$ cat final00.txt   # compact mmCIF, C-alpha atoms and all ligand atoms
# COMPACT_ATOMS: atom_id res chain seq x y z
CA MET A 207 111.97 68.46 127.15
CA SER A 208 109.50 65.61 127.13
CA GLU A 209 110.62 62.31 128.64
CA PRO A 210 110.75 59.14 126.51
CA ARG A 211 107.91 56.69 127.14
CA ASN A 212 108.71 53.00 127.58
CA GLU A 213 105.37 52.00 126.12
CA CYS A 214 105.81 54.23 123.04
CA LEU A 215 106.93 52.44 119.86
CA PHE A 216 108.63 55.51 118.39
CA CYS A 217 110.43 56.39 121.66
CA ARG A 218 111.76 52.84 121.63
CA MET A 219 113.03 53.38 118.09
CA VAL A 220 114.76 56.59 119.14
CA ALA A 221 116.33 54.70 122.05
CA GLY A 222 117.63 52.03 119.66
CA GLU A 223 115.58 49.22 121.21
CA ILE A 224 113.76 48.64 117.91
CA PRO A 225 115.90 49.55 114.88
CA PRO A 226 113.94 51.41 112.19
CA ASP A 227 114.98 51.66 108.53
CA VAL A 228 116.42 55.17 108.89
CA VAL A 229 116.52 57.47 105.86
CA ARG A 230 117.55 60.71 107.59
CA GLU A 231 118.54 61.80 111.08
CA THR A 232 119.31 65.12 112.77
CA ASP A 233 119.99 65.97 116.42
CA ARG A 234 116.28 66.35 117.08
CA THR A 235 114.48 64.42 114.32
CA LEU A 236 114.43 60.92 112.87
CA ALA A 237 112.96 59.75 109.54
CA PHE A 238 112.40 56.08 108.74
CA ARG A 239 110.41 53.95 106.30
CA ASP A 240 106.85 52.99 107.25
CA ILE A 241 106.48 49.25 107.88
CA ASN A 242 103.27 49.19 105.83
CA PRO A 243 103.94 51.58 102.94
CA GLN A 244 100.95 53.18 101.21
CA ALA A 245 103.02 54.57 98.32
CA PRO A 246 106.41 53.83 96.71
CA THR A 247 107.87 56.37 99.13
CA HIS A 248 106.31 56.31 102.60
CA VAL A 249 108.54 57.75 105.29
CA LEU A 250 107.63 58.76 108.84
CA VAL A 251 109.34 61.82 110.31
CA ILE A 252 109.32 62.22 114.09
CA PRO A 253 110.79 64.47 116.73
CA LYS A 254 113.07 62.44 119.00
CA GLU A 255 111.27 63.94 121.98
CA HIS A 256 107.92 62.41 122.88
CA HIS A 257 104.90 64.59 122.08
CA ALA A 258 101.60 62.82 121.51
CA THR A 259 100.13 65.02 118.79
CA LEU A 260 101.00 67.85 116.43
CA GLY A 261 99.15 70.27 118.70
CA ALA A 262 101.07 69.12 121.78
CA LEU A 263 104.35 69.58 119.92
CA ALA A 264 103.39 72.98 118.51
CA GLY A 265 102.36 74.21 121.96
CA ALA A 266 105.50 72.93 123.65
CA ASP A 267 108.16 73.71 121.04
CA PRO A 268 107.39 75.82 117.95
CA GLU A 269 111.03 75.66 116.81
CA LEU A 270 111.01 71.87 116.81
CA THR A 271 107.67 71.93 114.97
CA ALA A 272 109.26 74.01 112.21
CA GLU A 273 112.28 71.71 112.16
CA LEU A 274 109.98 68.70 111.75
CA VAL A 275 108.28 70.25 108.71
CA ALA A 276 111.66 71.16 107.22
CA ALA A 277 112.83 67.60 107.85
CA ALA A 278 109.80 66.23 105.96
CA HIS A 279 110.68 68.42 102.98
CA ALA A 280 114.32 67.35 103.16
CA VAL A 281 113.22 63.71 103.02
CA ALA A 282 111.12 64.47 99.92
CA VAL A 283 114.16 66.03 98.24
CA GLN A 284 116.36 63.12 99.26
CA GLU A 285 113.80 60.63 97.90
CA GLY A 286 113.64 62.47 94.55
CA LEU A 287 110.02 63.59 95.01
CA VAL A 288 110.92 67.23 94.36
CA THR A 289 114.00 69.08 93.20
CA ALA A 290 115.55 72.19 94.70
CA ASP A 291 114.01 74.20 91.84
CA ALA A 292 110.55 72.72 91.27
CA PRO A 293 107.84 70.94 93.27
CA GLU A 294 107.80 68.02 90.84
CA PRO A 295 106.81 65.24 90.69
CA GLY A 296 105.45 66.10 94.14
CA TYR A 297 104.67 64.62 97.52
CA ARG A 298 102.17 64.76 100.38
CA VAL A 299 102.71 65.36 104.11
CA VAL A 300 100.07 64.01 106.50
CA ALA A 301 99.73 64.26 110.27
CA ASN A 302 96.87 62.03 111.37
CA THR A 303 95.62 63.53 114.63
CA GLY A 304 93.08 61.84 116.86
CA PRO A 305 90.71 58.91 116.32
CA GLN A 306 88.68 60.28 113.41
CA ALA A 307 91.87 60.82 111.42
CA GLY A 308 93.06 57.31 112.30
CA GLN A 309 96.07 58.17 114.46
CA THR A 310 97.37 54.86 115.79
CA VAL A 311 100.80 55.78 117.19
CA HIS A 312 100.59 58.49 119.83
CA HIS A 313 104.00 60.03 119.21
CA VAL A 314 103.62 62.82 116.64
CA HIS A 315 104.80 61.87 113.15
CA LEU A 316 104.56 63.29 109.66
CA HIS A 317 103.91 60.84 106.85
CA VAL A 318 105.82 61.75 103.67
CA LEU A 319 104.13 60.03 100.73
CA GLY A 320 105.01 60.06 97.05
CA GLY A 321 106.11 58.15 93.99
CA ARG A 322 102.59 57.73 92.56
CA GLY A 323 99.55 59.90 91.89
CA LEU A 324 97.76 60.55 95.19
CA GLY A 325 93.98 60.94 95.19
CA TRP A 326 92.18 63.82 96.85
CA PRO A 327 90.28 63.94 99.12
CA PRO A 328 91.75 61.01 101.08
CA GLY A 329 89.30 58.33 102.19
P1 LIG B 1 99.17 56.77 112.13
O1 LIG B 1 98.10 55.79 111.78
O2 LIG B 1 99.33 56.93 113.62
O3 LIG B 1 99.06 58.09 111.41
O4 LIG B 1 100.52 56.16 111.55
C1 LIG B 1 101.27 55.19 112.21
C2 LIG B 1 102.14 54.56 111.17
O5 LIG B 1 103.13 53.79 111.83
C3 LIG B 1 101.38 53.59 110.23
O6 LIG B 1 101.51 54.03 108.88
C4 LIG B 1 102.07 52.26 110.47
O7 LIG B 1 102.21 51.49 109.29
C5 LIG B 1 103.41 52.67 111.05
N1 LIG B 1 103.99 51.66 111.92
C6 LIG B 1 103.35 50.96 112.89
N2 LIG B 1 104.23 50.12 113.50
C7 LIG B 1 105.43 50.32 112.89
C8 LIG B 1 106.73 49.74 113.09
O8 LIG B 1 106.95 48.88 113.95
N3 LIG B 1 107.72 50.19 112.28
C9 LIG B 1 107.51 51.14 111.32
N4 LIG B 1 108.56 51.50 110.58
N5 LIG B 1 106.30 51.71 111.12
C10 LIG B 1 105.28 51.30 111.90
ZN ZN B 2 107.19 58.53 122.10
$ encode --input "final00.txt" --output "structure tokens"
Amino acid sequence: MSEPRNECLFCRMVAGEIPPDVVRETDRTLAFRDINPQAPTHVLVIPKEHHATLGALAGADPELTAELVAAAHAVAVQEGLVTADAPEPGYRVVANTGPQAGQTVHHVHLHVLGGRGLGWPPG
């Protein structure tokens, strides 16, 4: 169990100090709308425990890592980006990791993006 960090924006959201626009919550995960959306749907999915990166989370807690991925998919279903039967219209999950990928918040989070055509490769 990783301790919450006072200086961490997402830990402060989990603690209720900064209220996010929550779209889905489980015992161990929280999903909320990105403040600067890059697509009609742009939701961030986080573990409530503090882990800085995807690799740190995967090393510490593989079960929670799997739960985070499942939570991202559940958000996509809830947002109408896919149905139970078909991966349409579709969505993207992104985990920016480290400076070259542009990670700015050092509490692991999955971006769930959809609602428009998404170019590939990303810039
Ligand atoms: P990163 O660049 O680390 O992959 O993603 C961090 C994300 O957090 C960015 O998309 C940014 O818009 C979002 N973000 C930064 N500050 C806030 C905030 O105060 N509230 C919300 N909801 N999102 C934030
Ligand atoms: Zn944190």
$ residues_near_point --input "final00.txt" --point "(96.4, 63.2, 118.5)" --cutoff "7 Å" --atoms "only C-alpha atoms" --output "MDAnalysis selection string"
chainID A and resid 258:260 303:304 309 312
$ closest_residue --input "final00.txt" --among "A:Ala264, A:Gly308, A:His315, A:Ala278" --to "ligand ZN 2 (chain B)" --atoms "only C-alpha atoms and all ligand atoms"
A:His315
$ residues_around --input "final00.txt" --residues "Ile224 of chain A" --least-positions-apart "6" --cutoff "12 Å" --atoms "only C-alpha atoms" --output "ChimeraX atom specification"
/A:212,214-218,238
$ closest_residue --input "final00.txt" --among "A:His317, A:Arg211, A:Arg298, A:Arg234" --to "ligand ZN 2 (chain B)" --atoms "all atoms listed in the file"
A:Arg211
$ axis_aligned_box --input "final00.txt" --around "ligand LIG 1 (chain B)" --padding-each-side "8 Å" --output "lines of an AutoDock Vina configuration file"
center_x = 103.3
center_y = 53.5
center_z = 111.4
size_x = 26.5
size_y = 25.2
size_z = 21.1
$ closest_residue --input "final00.txt" --among "A:Pro293, A:Gly329, A:Gln284, A:Pro268" --to "Gln306 of chain A" --atoms "only C-alpha atoms"
A:Gly329
$ residues_near_point --input "final00.txt" --point "(104.2, 56.6, 93.8)" --cutoff "12 Å" --atoms "only C-alpha atoms" --output "PyMOL selection string"
chain A and resi 243-248+285-287+295-298+318-325
$ closest_residue --input "final00.txt" --among "A:Ala301, A:Leu263, A:Leu316, A:Val311" --to "ligand ZN 2 (chain B)" --atoms "only C-alpha atoms and all ligand atoms"
A:Val311
$ residues_near_ligand --input "final00.txt" --ligand "ligand LIG 1 (chain B)" --cutoff "6 Å" --atoms "all atoms listed in the file" --output "ChimeraX atom specification"
/A:226,239-242,302,308-311
$ residues_around --input "final00.txt" --residues "segment 229-233 of chain A" --least-positions-apart "6" --cutoff "10 Å" --atoms "all atoms listed in the file" --output "mmCIF file with C-alpha atoms, in the frame of the given file"
data_model
loop_
_atom_site.group_PDB
_atom_site.id
_atom_site.type_symbol
_atom_site.label_atom_id
_atom_site.label_comp_id
_atom_site.auth_asym_id
_atom_site.auth_seq_id
_atom_site.Cartn_x
_atom_site.Cartn_y
_atom_site.Cartn_z
ATOM 1 C CA ARG A 239 110.410 53.950 106.300
ATOM 2 C CA VAL A 249 108.540 57.750 105.290
ATOM 3 C CA LEU A 250 107.630 58.760 108.840
ATOM 4 C CA VAL A 251 109.340 61.820 110.310
ATOM 5 C CA ILE A 252 109.320 62.220 114.090
ATOM 6 C CA PRO A 253 110.790 64.470 116.730
ATOM 7 C CA LYS A 254 113.070 62.440 119.000
ATOM 8 C CA GLU A 273 112.280 71.710 112.160
ATOM 9 C CA ALA A 277 112.830 67.600 107.850
ATOM 10 C CA ALA A 278 109.800 66.230 105.960
ATOM 11 C CA ALA A 280 114.320 67.350 103.160
ATOM 12 C CA VAL A 281 113.220 63.710 103.020
ATOM 13 C CA GLN A 284 116.360 63.120 99.260
ATOM 14 C CA GLU A 285 113.800 60.630 97.900
#
$ atom_distance --input "final00.txt" --atom1 "atom CA of His256 of chain A" --atom2 "atom CA of Ala282 of chain A"
23.3 Å
$ atom_distance --input "final00.txt" --atom1 "atom CA of His257 of chain A" --atom2 "atom CA of Glu209 of chain A"
9.0 Å
$ closest_residue --input "final00.txt" --among "A:Pro305, A:Pro327, A:Gly261, A:Pro210" --to "ligand ZN 2 (chain B)" --atoms "all atoms listed in the file"
A:Pro210
$ atom_distance --input "final00.txt" --atom1 "atom CA of Glu255 of chain A" --atom2 "atom CA of Ser208 of chain A"
5.7 Å
$ closest_residue --input "final00.txt" --among "A:Val314, A:Pro328, A:Leu236, A:Val288" --to "ligand ZN 2 (chain B)" --atoms "all atoms listed in the file"
A:Val314
$ build_atoms --input "final00.txt" --residues "segment 242-265 of chain A" --atoms "N, CA, C and O atoms" --output "JSON list (two decimals), keeping the file's coordinate frame"
[["chain", "number", "residue", "atom", "x", "y", "z"],
["A", 242, "ASN", "N", 104.40, 49.57, 106.68],
["A", 242, "ASN", "CA", 103.27, 49.19, 105.83],
["A", 242, "ASN", "C", 103.04, 50.30, 104.79],
["A", 242, "ASN", "O", 102.06, 51.04, 104.87],
["A", 243, "PRO", "N", 103.96, 50.41, 103.82],
["A", 243, "PRO", "CA", 103.94, 51.58, 102.94],
["A", 243, "PRO", "C", 102.68, 51.68, 102.09],
["A", 243, "PRO", "O", 102.23, 50.69, 101.51],
["A", 244, "GLN", "N", 102.16, 52.90, 102.00],
["A", 244, "GLN", "CA", 100.95, 53.18, 101.21],
["A", 244, "GLN", "C", 101.28, 53.82, 99.87],
["A", 244, "GLN", "O", 100.36, 54.18, 99.12],
["A", 245, "ALA", "N", 102.55, 53.97, 99.58],
["A", 245, "ALA", "CA", 103.02, 54.57, 98.32],
["A", 245, "ALA", "C", 104.47, 54.12, 98.14],
["A", 245, "ALA", "O", 105.10, 53.65, 99.11],
["A", 246, "PRO", "N", 105.02, 54.25, 96.92],
["A", 246, "PRO", "CA", 106.41, 53.83, 96.71],
["A", 246, "PRO", "C", 107.38, 54.48, 97.70],
["A", 246, "PRO", "O", 108.33, 53.84, 98.15],
["A", 247, "THR", "N", 107.16, 55.75, 98.00],
["A", 247, "THR", "CA", 107.87, 56.37, 99.13],
["A", 247, "THR", "C", 106.87, 56.62, 100.24],
["A", 247, "THR", "O", 105.84, 57.27, 100.03],
["A", 248, "HIS", "N", 107.14, 56.06, 101.41],
["A", 248, "HIS", "CA", 106.31, 56.31, 102.60],
["A", 248, "HIS", "C", 107.25, 56.34, 103.80],
["A", 248, "HIS", "O", 107.67, 55.29, 104.30],
["A", 249, "VAL", "N", 107.57, 57.55, 104.21],
["A", 249, "VAL", "CA", 108.54, 57.75, 105.29],
["A", 249, "VAL", "C", 107.83, 58.47, 106.43],
["A", 249, "VAL", "O", 106.99, 59.36, 106.20],
["A", 250, "LEU", "N", 108.15, 58.08, 107.65],
["A", 250, "LEU", "CA", 107.63, 58.76, 108.84],
["A", 250, "LEU", "C", 108.73, 59.65, 109.41],
["A", 250, "LEU", "O", 109.88, 59.20, 109.53],
["A", 251, "VAL", "N", 108.37, 60.88, 109.76],
["A", 251, "VAL", "CA", 109.34, 61.82, 110.31],
["A", 251, "VAL", "C", 108.87, 62.19, 111.71],
["A", 251, "VAL", "O", 107.73, 62.65, 111.88],
["A", 252, "ILE", "N", 109.73, 61.99, 112.69],
["A", 252, "ILE", "CA", 109.32, 62.22, 114.09],
["A", 252, "ILE", "C", 110.32, 63.13, 114.79],
["A", 252, "ILE", "O", 111.51, 63.16, 114.45],
["A", 253, "PRO", "N", 109.84, 63.86, 115.81],
["A", 253, "PRO", "CA", 110.79, 64.47, 116.73],
["A", 253, "PRO", "C", 111.30, 63.38, 117.66],
["A", 253, "PRO", "O", 110.56, 62.45, 118.00],
["A", 254, "LYS", "N", 112.56, 63.46, 118.07],
["A", 254, "LYS", "CA", 113.07, 62.44, 119.00],
["A", 254, "LYS", "C", 112.43, 62.55, 120.36],
["A", 254, "LYS", "O", 112.31, 61.55, 121.08],
["A", 255, "GLU", "N", 112.01, 63.76, 120.72],
["A", 255, "GLU", "CA", 111.27, 63.94, 121.98],
["A", 255, "GLU", "C", 109.84, 63.42, 121.82],
["A", 255, "GLU", "O", 109.25, 63.57, 120.75],
["A", 256, "HIS", "N", 109.31, 62.89, 122.91],
["A", 256, "HIS", "CA", 107.92, 62.41, 122.88],
["A", 256, "HIS", "C", 106.94, 63.57, 123.03],
["A", 256, "HIS", "O", 106.95, 64.29, 124.03],
["A", 257, "HIS", "N", 106.09, 63.73, 122.01],
["A", 257, "HIS", "CA", 104.90, 64.59, 122.08],
["A", 257, "HIS", "C", 103.80, 63.80, 121.39],
["A", 257, "HIS", "O", 104.03, 63.25, 120.31],
["A", 258, "ALA", "N", 102.63, 63.74, 122.00],
["A", 258, "ALA", "CA", 101.60, 62.82, 121.51],
["A", 258, "ALA", "C", 101.02, 63.24, 120.17],
["A", 258, "ALA", "O", 100.75, 62.40, 119.31],
["A", 259, "THR", "N", 100.82, 64.54, 119.99],
["A", 259, "THR", "CA", 100.13, 65.02, 118.79],
["A", 259, "THR", "C", 100.85, 66.25, 118.23],
["A", 259, "THR", "O", 101.69, 66.86, 118.90],
["A", 260, "LEU", "N", 100.45, 66.64, 117.04],
["A", 260, "LEU", "CA", 101.00, 67.85, 116.43],
["A", 260, "LEU", "C", 100.72, 69.06, 117.31],
["A", 260, "LEU", "O", 101.59, 69.93, 117.50],
["A", 261, "GLY", "N", 99.51, 69.13, 117.86],
["A", 261, "GLY", "CA", 99.15, 70.27, 118.70],
["A", 261, "GLY", "C", 99.98, 70.32, 119.98],
["A", 261, "GLY", "O", 100.40, 71.40, 120.42],
["A", 262, "ALA", "N", 100.24, 69.17, 120.56],
["A", 262, "ALA", "CA", 101.07, 69.12, 121.78],
["A", 262, "ALA", "C", 102.48, 69.60, 121.46],
["A", 262, "ALA", "O", 103.09, 70.37, 122.21],
["A", 263, "LEU", "N", 103.01, 69.15, 120.33],
["A", 263, "LEU", "CA", 104.35, 69.58, 119.92],
["A", 263, "LEU", "C", 104.38, 71.08, 119.65],
["A", 263, "LEU", "O", 105.28, 71.79, 120.12],
["A", 264, "ALA", "N", 103.41, 71.57, 118.88],
["A", 264, "ALA", "CA", 103.39, 72.98, 118.51],
["A", 264, "ALA", "C", 103.29, 73.87, 119.75],
["A", 264, "ALA", "O", 103.92, 74.93, 119.82],
["A", 265, "GLY", "N", 102.50, 73.43, 120.73],
["A", 265, "GLY", "CA", 102.36, 74.21, 121.96],
["A", 265, "GLY", "C", 103.64, 74.21, 122.79],
["A", 265, "GLY", "O", 104.00, 75.21, 123.40]]
